[in-house]
Amino acid sequence: MKVVNDKLLNTPIAEIPEYYERAKKAYLFWKNLHIHERMAYLRNLRHYMVDQLEELVEVIAKDTGKVPVEALTADILTTLDAIQYIEKHGPRVLGKRRMKTPLLLFGKKSYVEYKPRGVVLVISPWNFPLQLAMVPVISALISGNAVILKPSEVTPMVGRLIEDLFQKAGFPQDVVQVAHGGKEAGSAFVQGEPDYIFFTGSVRTGKMIQEEAAKKLIPTTLELGGKDPMIVFADANLKRAVHGAIWGAFTNAGQVCMSVERVYVERKIYDPFIKKLVEEVNQLKLGSGMNDDIGMITYPGQVSIIREHIEDALSKGAKLLTGTSPEHWILDKELFIPPMVLVDVGQDMKIMQEETFGPVLPVIPFDSEDEAVHLANDSSFGLNASVWSSDLRKAERVATRLVTGNVVINDVIITVANHYLPFGGVKQSGIGRYHGEIGLQIFCHQTSVMSDKGKREREVNWFPYEGKLPLFFSLIRSYFGKHRSWGGLLKSYLHLLRK
Ligand code: NAD
């Protein structure tokens with residue numbers, strides 16, 4: 001566990017019931033504000049964050065080891081954009097929504113209302129510690145939920161920073177509470193009384209949370225891992241594909257759920273692709289400065305997984321074209337791992353099947369579109385994928401065949417940055433979606449309402465049934481049959497009304 005300002009950040013487990021008590025009280029106040037009042041708090045938060053940009057970058061970069069430009073663009077900018085989306089669209093997306101009423105329910109009107117669920121528990125990981133905590137928190141807040149956030153123990157300074165941001169932006173007390181600690185704290189919070197759990201993290205933890213939540217039927221969203229494929233066809237813009245592969249694989253030192261973790265290249269361009277890839281990867285700069293490209297591995301535990309995957313591949317015949325094999329890594333306090341390109345890789349190796357979450361790019365050639373689709377789909381994950389071709393019809397055809405929550409054409413990762421798009425995975429990559437309209441609505445109960453003026457004594461389908469069966473036969477035949485008859489429908493309906 002890290003120590004911040006000499007203070008161990010650990011919420012005592014015994015205090016967890018008090019977090020829920022306070023959250024429930026804050027909820028009663030917060031949900032009764034008008035949505036525009038809640039939006040004003042979000043706006044203050046956005047302005048306060050923009051005033052503090054340099055400080056935010058400093059804390060995030062220090063706590064994660066990522067380069068400053070990535071702290072600014074991938075953590076802060078994305079959070080600000082999410083706040084702005086919510087300010088712009090929250091009232092419409094969460095407002096009362098008029099729905100159609102079918103003809104056979106004539107005389108009524110229908111609508112849906114979105115109501116906050118209560119206390120939302122958000123548990124977040126360390127790789128984008130600001131964005132992946134803040135976006136679900138603010139998405140839950142706007143409809144009137146109170147939130148308890150348990151950020152990752154691996155990046156406690158950012159956890160403390162988030163607590164500070166909500167205080168400084170003037171949020172009412174206990175509407176957002178940040179609890180600190182590791183898996184014991186996370187697990188104890190899950191066993192509390194949340195009305196919804198939003199989890200981002202590993203498949204293993206996601207399954208444990210889902211199992212616990214199921215005991216009380218607590219609804220969840222699970223945003224889990226990935227093993228994202230990149231398919232490069234021979235007609236792709238080669239330079240762009242190489243640059244995209246490098247950024248997609250090595251941004252945040254590969255610690256991205258949507259990293260490019262495996263590349264399939266059409267055999268016709270395999271050799272020039274590899275040549276260019278190696279040339280360009282060798283230009284990348286490791287370090288923590290503002291002009292560096294690849295930062296540190298944030299979580300020391302991740303190093304052993306990366307090492308295991310590389311060693312498994314090398315022992316089965318794979319070749320390393322850049323970087324160094326694990327026995328030559330010099331990892332003391334600073335976990336910098338040079339970016340690696342691997343070839344002669346087999347689809348069944350760990351490096352192609354398990355999430356590596358490090359700066360490694362394995363590349364395999366393919367011969368046909370069908371083979372590329374088969375290889376890309378041959379995974380227990382399905383978070384993101386990319387398809388590279390100058391023939392956009394072909395690229396879209398392949399995108400349709402991929403079993404994945406997101407696809408990018410001639411680019412990487414970027415769907416997550418478009419806040420209008422729902423984001424989430426299929427298979428082991430998770431359950432549910434956030435971002436976009438759905439990302440606000442998941443934090444609400446939907447109540448469907450139908451309203452009748454209440455003037456008639458009874459409805460046609462109510463008791464008594466005497467004499468109604470033949471009329472219903474006739475009504476159904478007139479309305480749903482091959483030859484619709486409005487006259488027949490009206491006649492049977494009027495008869496039913498008189499019964
Ligand atoms: P993790 O599962 O180890 O931890 C995530 C969070 O869960 C942390 O806050 C941790 O303290 C908490 N936790 C751990 N055990 C718990 C338990 N038993 N009960 C409750 N909470 C518990 O994941 P991580 O190592 O922090 O993050 C890396 C993983 O997150 C990778 O697999 C990555 O792909 C995934 N991820 C997914 C997305 C996405 O949007 N799909 C985004 C980023 C990261």
# chains A, B, ... in the order shown; residues from 1 in each chain; ligands from 1
call {"tool": "residues_near_ligand", "arguments": {"ligand": "ligand 1", "cutoff": "6 Å", "atoms": "only C-alpha atoms and all ligand atoms", "output": "number ranges by chain"}}
result
A: 123-126, 150-153, 182-183, 186-187, 200-202, 205, 208-209, 223-226, 257
call {"tool": "residues_around", "arguments": {"residues": "Pro338 (chain A)", "least_positions_apart": "5", "cutoff": "8 Å", "atoms": "only C-alpha atoms", "output": "PDB file with N, CA, C and O atoms, in the first residue's frame"}}
result
ATOM      1  N   LEU A 286      11.832   6.505 -23.852  1.00  0.00           N
ATOM      2  CA  LEU A 286      11.313   6.127 -22.530  1.00  0.00           C
ATOM      3  C   LEU A 286      11.658   7.218 -21.530  1.00  0.00           C
ATOM      4  O   LEU A 286      12.767   7.760 -21.585  1.00  0.00           O
ATOM      5  N   GLY A 323      13.463  -4.074 -28.204  1.00  0.00           N
ATOM      6  CA  GLY A 323      13.430  -4.230 -26.748  1.00  0.00           C
ATOM      7  C   GLY A 323      14.408  -5.303 -26.304  1.00  0.00           C
ATOM      8  O   GLY A 323      15.280  -5.732 -27.058  1.00  0.00           O
ATOM      9  N   THR A 324      14.237  -5.732 -25.057  1.00  0.00           N
ATOM     10  CA  THR A 324      15.159  -6.733 -24.515  1.00  0.00           C
ATOM     11  C   THR A 324      14.354  -7.827 -23.839  1.00  0.00           C
ATOM     12  O   THR A 324      13.246  -7.578 -23.354  1.00  0.00           O
ATOM     13  N   PRO A 359       4.050  -3.121 -22.637  1.00  0.00           N
ATOM     14  CA  PRO A 359       4.515  -2.612 -23.937  1.00  0.00           C
ATOM     15  C   PRO A 359       5.037  -3.716 -24.866  1.00  0.00           C
ATOM     16  O   PRO A 359       6.233  -3.798 -25.131  1.00  0.00           O
TER      17      PRO A 359
END
call {"tool": "closest_residue", "arguments": {"among": "A:Ala133, A:Phe106, A:Phe233, A:Glu279", "to": "Val460 (chain A)", "atoms": "only C-alpha atoms"}}
result
A:Phe106
call {"tool": "select_by_dssp", "arguments": {"residues": "region 119-211 of chain A", "states": "strand (DSSP E or B)", "output": "MDAnalysis selection string"}}
result
chainID A and resid 119:123 146:150 176:178 196:200
call {"tool": "write_last_selection", "arguments": {"atoms": "N, CA and C atoms", "output": "short mmCIF file (atom, residue, chain, number, x, y, z; two decimals), in the first residue's frame"}}
result
data_model
loop_
_atom_site.label_atom_id
_atom_site.label_comp_id
_atom_site.auth_asym_id
_atom_site.auth_seq_id
_atom_site.Cartn_x
_atom_site.Cartn_y
_atom_site.Cartn_z
N VAL A 119 -27.78 4.82 -3.70
CA VAL A 119 -26.34 4.92 -3.44
C VAL A 119 -25.59 4.04 -4.45
N VAL A 120 -24.74 4.68 -5.24
CA VAL A 120 -23.98 3.95 -6.25
C VAL A 120 -22.55 3.74 -5.74
N LEU A 121 -22.09 2.51 -5.84
CA LEU A 121 -20.70 2.20 -5.48
C LEU A 121 -19.88 2.11 -6.77
N VAL A 122 -18.83 2.93 -6.86
CA VAL A 122 -17.94 2.89 -8.03
C VAL A 122 -16.58 2.36 -7.55
N ILE A 123 -16.10 1.29 -8.18
CA ILE A 123 -14.77 0.75 -7.86
C ILE A 123 -13.93 0.87 -9.12
N ALA A 146 -26.32 9.42 -4.78
CA ALA A 146 -25.12 9.68 -3.98
C ALA A 146 -24.11 8.60 -4.37
N VAL A 147 -22.82 8.92 -4.27
CA VAL A 147 -21.80 7.99 -4.75
C VAL A 147 -20.75 7.71 -3.68
N ILE A 148 -20.40 6.43 -3.57
CA ILE A 148 -19.20 6.07 -2.80
C ILE A 148 -18.19 5.56 -3.84
N LEU A 149 -17.02 6.18 -3.85
CA LEU A 149 -15.98 5.76 -4.79
C LEU A 149 -14.86 5.06 -4.02
N LYS A 150 -14.48 3.87 -4.52
CA LYS A 150 -13.30 3.18 -3.96
C LYS A 150 -12.29 3.10 -5.09
N VAL A 176 -20.55 12.81 -2.60
CA VAL A 176 -19.49 11.92 -3.10
C VAL A 176 -18.55 11.64 -1.93
N GLN A 177 -18.42 10.38 -1.57
CA GLN A 177 -17.45 10.01 -0.53
C GLN A 177 -16.39 9.12 -1.18
N VAL A 178 -15.15 9.40 -0.89
CA VAL A 178 -14.07 8.59 -1.44
C VAL A 178 -13.49 7.74 -0.31
N TYR A 196 -26.39 0.08 -6.62
CA TYR A 196 -25.83 -0.22 -7.95
C TYR A 196 -24.32 -0.28 -7.78
N ILE A 197 -23.69 -1.18 -8.53
CA ILE A 197 -22.22 -1.25 -8.48
C ILE A 197 -21.69 -1.03 -9.89
N PHE A 198 -20.79 -0.07 -10.02
CA PHE A 198 -20.12 0.16 -11.30
C PHE A 198 -18.65 -0.19 -11.10
N PHE A 199 -18.21 -1.26 -11.76
CA PHE A 199 -16.85 -1.74 -11.53
C PHE A 199 -16.03 -1.67 -12.81
N THR A 200 -14.82 -1.16 -12.71
CA THR A 200 -13.85 -1.26 -13.81
C THR A 200 -12.61 -1.92 -13.25
#
call {"tool": "residues_around", "arguments": {"residues": "Val398 (chain A)", "least_positions_apart": "4", "cutoff": "8 Å", "atoms": "only C-alpha atoms", "output": "PyMOL selection string"}}
result
chain A and resi 369+373+387+394+402
call {"tool": "closest_atom_pairs", "arguments": {"of": "region 370-449 of chain A", "to": "region 210-220 of chain A", "cutoff": "10 Å", "atoms": "only C-alpha atoms", "output": "CSV"}}
result
residue,atom,partner,partner_atom,distance
A:Ile431,CA,A:Thr220,CA,8.0
A:Gly432,CA,A:Thr220,CA,8.0
A:Ile442,CA,A:Thr220,CA,9.2
A:Phe443,CA,A:Pro219,CA,9.7
call {"tool": "select_by_dssp", "arguments": {"residues": "region 36-114 of chain A", "states": "helix (DSSP H, G or I)", "output": "number ranges by chain"}}
result
A: 36-51, 53-64, 68-94, 103-105
call {"tool": "residues_around", "arguments": {"residues": "region 474-478 of chain A", "least_positions_apart": "3", "cutoff": "8 Å", "atoms": "only C-alpha atoms", "output": "list in words"}}
result
Pro470, Leu471, Gly481, His483, Arg484, Ser485, Trp486, Gly488, Leu489, Ser492 and Tyr493 of chain A
call {"tool": "write_last_selection", "arguments": {"atoms": "all heavy atoms", "output": "PDB file, in the first residue's frame"}}
result
ATOM      1  N   PRO A 470     -66.038 -14.259 -29.154  1.00  0.00           N
ATOM      2  CA  PRO A 470     -66.119 -14.135 -30.633  1.00  0.00           C
ATOM      3  C   PRO A 470     -65.733 -12.726 -31.102  1.00  0.00           C
ATOM      4  O   PRO A 470     -65.138 -12.565 -32.165  1.00  0.00           O
ATOM      5  CB  PRO A 470     -67.598 -14.398 -30.936  1.00  0.00           C
ATOM      6  CG  PRO A 470     -68.213 -14.905 -29.680  1.00  0.00           C
ATOM      7  CD  PRO A 470     -67.321 -14.595 -28.535  1.00  0.00           C
ATOM      8  N   LEU A 471     -66.029 -11.710 -30.277  1.00  0.00           N
ATOM      9  CA  LEU A 471     -65.693 -10.335 -30.676  1.00  0.00           C
ATOM     10  C   LEU A 471     -64.175 -10.122 -30.692  1.00  0.00           C
ATOM     11  O   LEU A 471     -63.631  -9.454 -31.573  1.00  0.00           O
ATOM     12  CB  LEU A 471     -66.352  -9.337 -29.727  1.00  0.00           C
ATOM     13  CG  LEU A 471     -67.881  -9.304 -29.794  1.00  0.00           C
ATOM     14  CD1 LEU A 471     -68.457  -8.447 -28.669  1.00  0.00           C
ATOM     15  CD2 LEU A 471     -68.341  -8.742 -31.142  1.00  0.00           C
ATOM     16  N   GLY A 481     -54.624  -9.818 -39.162  1.00  0.00           N
ATOM     17  CA  GLY A 481     -54.689 -10.791 -40.261  1.00  0.00           C
ATOM     18  C   GLY A 481     -54.043 -10.279 -41.532  1.00  0.00           C
ATOM     19  O   GLY A 481     -53.579  -9.138 -41.603  1.00  0.00           O
ATOM     20  N   HIS A 483     -55.360  -9.504 -44.388  1.00  0.00           N
ATOM     21  CA  HIS A 483     -56.032  -8.335 -44.991  1.00  0.00           C
ATOM     22  C   HIS A 483     -56.610  -7.491 -43.874  1.00  0.00           C
ATOM     23  O   HIS A 483     -57.672  -7.819 -43.352  1.00  0.00           O
ATOM     24  CB  HIS A 483     -57.131  -8.780 -45.957  1.00  0.00           C
ATOM     25  CG  HIS A 483     -56.610  -9.761 -46.975  1.00  0.00           C
ATOM     26  ND1 HIS A 483     -55.760  -9.383 -47.989  1.00  0.00           N
ATOM     27  CD2 HIS A 483     -56.782 -11.102 -47.087  1.00  0.00           C
ATOM     28  CE1 HIS A 483     -55.430 -10.457 -48.687  1.00  0.00           C
ATOM     29  NE2 HIS A 483     -56.033 -11.509 -48.157  1.00  0.00           N
ATOM     30  N   ARG A 484     -55.887  -6.444 -43.522  1.00  0.00           N
ATOM     31  CA  ARG A 484     -56.361  -5.615 -42.395  1.00  0.00           C
ATOM     32  C   ARG A 484     -57.684  -4.948 -42.759  1.00  0.00           C
ATOM     33  O   ARG A 484     -57.844  -4.422 -43.856  1.00  0.00           O
ATOM     34  CB  ARG A 484     -55.310  -4.560 -42.055  1.00  0.00           C
ATOM     35  CG  ARG A 484     -55.745  -3.671 -40.917  1.00  0.00           C
ATOM     36  CD  ARG A 484     -54.601  -2.870 -40.361  1.00  0.00           C
ATOM     37  NE  ARG A 484     -53.729  -3.703 -39.539  1.00  0.00           N
ATOM     38  CZ  ARG A 484     -52.578  -3.291 -39.036  1.00  0.00           C
ATOM     39  NH1 ARG A 484     -52.162  -2.070 -39.301  1.00  0.00           N
ATOM     40  NH2 ARG A 484     -51.861  -4.074 -38.301  1.00  0.00           N
ATOM     41  N   SER A 485     -58.648  -4.992 -41.816  1.00  0.00           N
ATOM     42  CA  SER A 485     -59.944  -4.358 -42.069  1.00  0.00           C
ATOM     43  C   SER A 485     -60.243  -3.373 -40.950  1.00  0.00           C
ATOM     44  O   SER A 485     -60.564  -3.769 -39.830  1.00  0.00           O
ATOM     45  CB  SER A 485     -61.029  -5.449 -42.150  1.00  0.00           C
ATOM     46  OG  SER A 485     -62.282  -4.891 -41.887  1.00  0.00           O
ATOM     47  N   TRP A 486     -60.119  -2.081 -41.269  1.00  0.00           N
ATOM     48  CA  TRP A 486     -60.381  -1.054 -40.244  1.00  0.00           C
ATOM     49  C   TRP A 486     -61.855  -1.094 -39.835  1.00  0.00           C
ATOM     50  O   TRP A 486     -62.174  -0.923 -38.650  1.00  0.00           O
ATOM     51  CB  TRP A 486     -60.025   0.340 -40.749  1.00  0.00           C
ATOM     52  CG  TRP A 486     -58.546   0.493 -40.991  1.00  0.00           C
ATOM     53  CD1 TRP A 486     -57.932   0.667 -42.191  1.00  0.00           C
ATOM     54  CD2 TRP A 486     -57.507   0.472 -40.008  1.00  0.00           C
ATOM     55  NE1 TRP A 486     -56.566   0.744 -42.031  1.00  0.00           N
ATOM     56  CE2 TRP A 486     -56.275   0.631 -40.688  1.00  0.00           C
ATOM     57  CE3 TRP A 486     -57.481   0.317 -38.634  1.00  0.00           C
ATOM     58  CZ2 TRP A 486     -55.053   0.642 -40.045  1.00  0.00           C
ATOM     59  CZ3 TRP A 486     -56.264   0.337 -37.975  1.00  0.00           C
ATOM     60  CH2 TRP A 486     -55.075   0.495 -38.674  1.00  0.00           C
ATOM     61  N   GLY A 488     -63.846  -3.733 -39.827  1.00  0.00           N
ATOM     62  CA  GLY A 488     -64.047  -4.904 -38.947  1.00  0.00           C
ATOM     63  C   GLY A 488     -63.532  -4.609 -37.545  1.00  0.00           C
ATOM     64  O   GLY A 488     -64.168  -4.972 -36.537  1.00  0.00           O
ATOM     65  N   LEU A 489     -62.399  -3.929 -37.510  1.00  0.00           N
ATOM     66  CA  LEU A 489     -61.790  -3.618 -36.201  1.00  0.00           C
ATOM     67  C   LEU A 489     -62.713  -2.708 -35.391  1.00  0.00           C
ATOM     68  O   LEU A 489     -63.017  -2.970 -34.223  1.00  0.00           O
ATOM     69  CB  LEU A 489     -60.442  -2.928 -36.428  1.00  0.00           C
ATOM     70  CG  LEU A 489     -59.749  -2.409 -35.177  1.00  0.00           C
ATOM     71  CD1 LEU A 489     -59.243  -3.559 -34.330  1.00  0.00           C
ATOM     72  CD2 LEU A 489     -58.582  -1.489 -35.533  1.00  0.00           C
ATOM     73  N   SER A 492     -65.946  -4.577 -34.192  1.00  0.00           N
ATOM     74  CA  SER A 492     -65.781  -5.463 -33.023  1.00  0.00           C
ATOM     75  C   SER A 492     -65.464  -4.643 -31.769  1.00  0.00           C
ATOM     76  O   SER A 492     -65.918  -4.967 -30.678  1.00  0.00           O
ATOM     77  CB  SER A 492     -64.714  -6.536 -33.232  1.00  0.00           C
ATOM     78  OG  SER A 492     -64.021  -6.356 -34.399  1.00  0.00           O
ATOM     79  N   TYR A 493     -64.715  -3.558 -31.934  1.00  0.00           N
ATOM     80  CA  TYR A 493     -64.361  -2.747 -30.759  1.00  0.00           C
ATOM     81  C   TYR A 493     -65.610  -2.093 -30.147  1.00  0.00           C
ATOM     82  O   TYR A 493     -65.812  -2.115 -28.933  1.00  0.00           O
ATOM     83  CB  TYR A 493     -63.338  -1.674 -31.170  1.00  0.00           C
ATOM     84  CG  TYR A 493     -62.780  -0.913 -29.997  1.00  0.00           C
ATOM     85  CD1 TYR A 493     -61.868  -1.499 -29.133  1.00  0.00           C
ATOM     86  CD2 TYR A 493     -63.207   0.385 -29.735  1.00  0.00           C
ATOM     87  CE1 TYR A 493     -61.374  -0.806 -28.036  1.00  0.00           C
ATOM     88  CE2 TYR A 493     -62.720   1.089 -28.636  1.00  0.00           C
ATOM     89  CZ  TYR A 493     -61.791   0.492 -27.796  1.00  0.00           C
ATOM     90  OH  TYR A 493     -61.314   1.173 -26.712  1.00  0.00           O
TER      91      TYR A 493
END
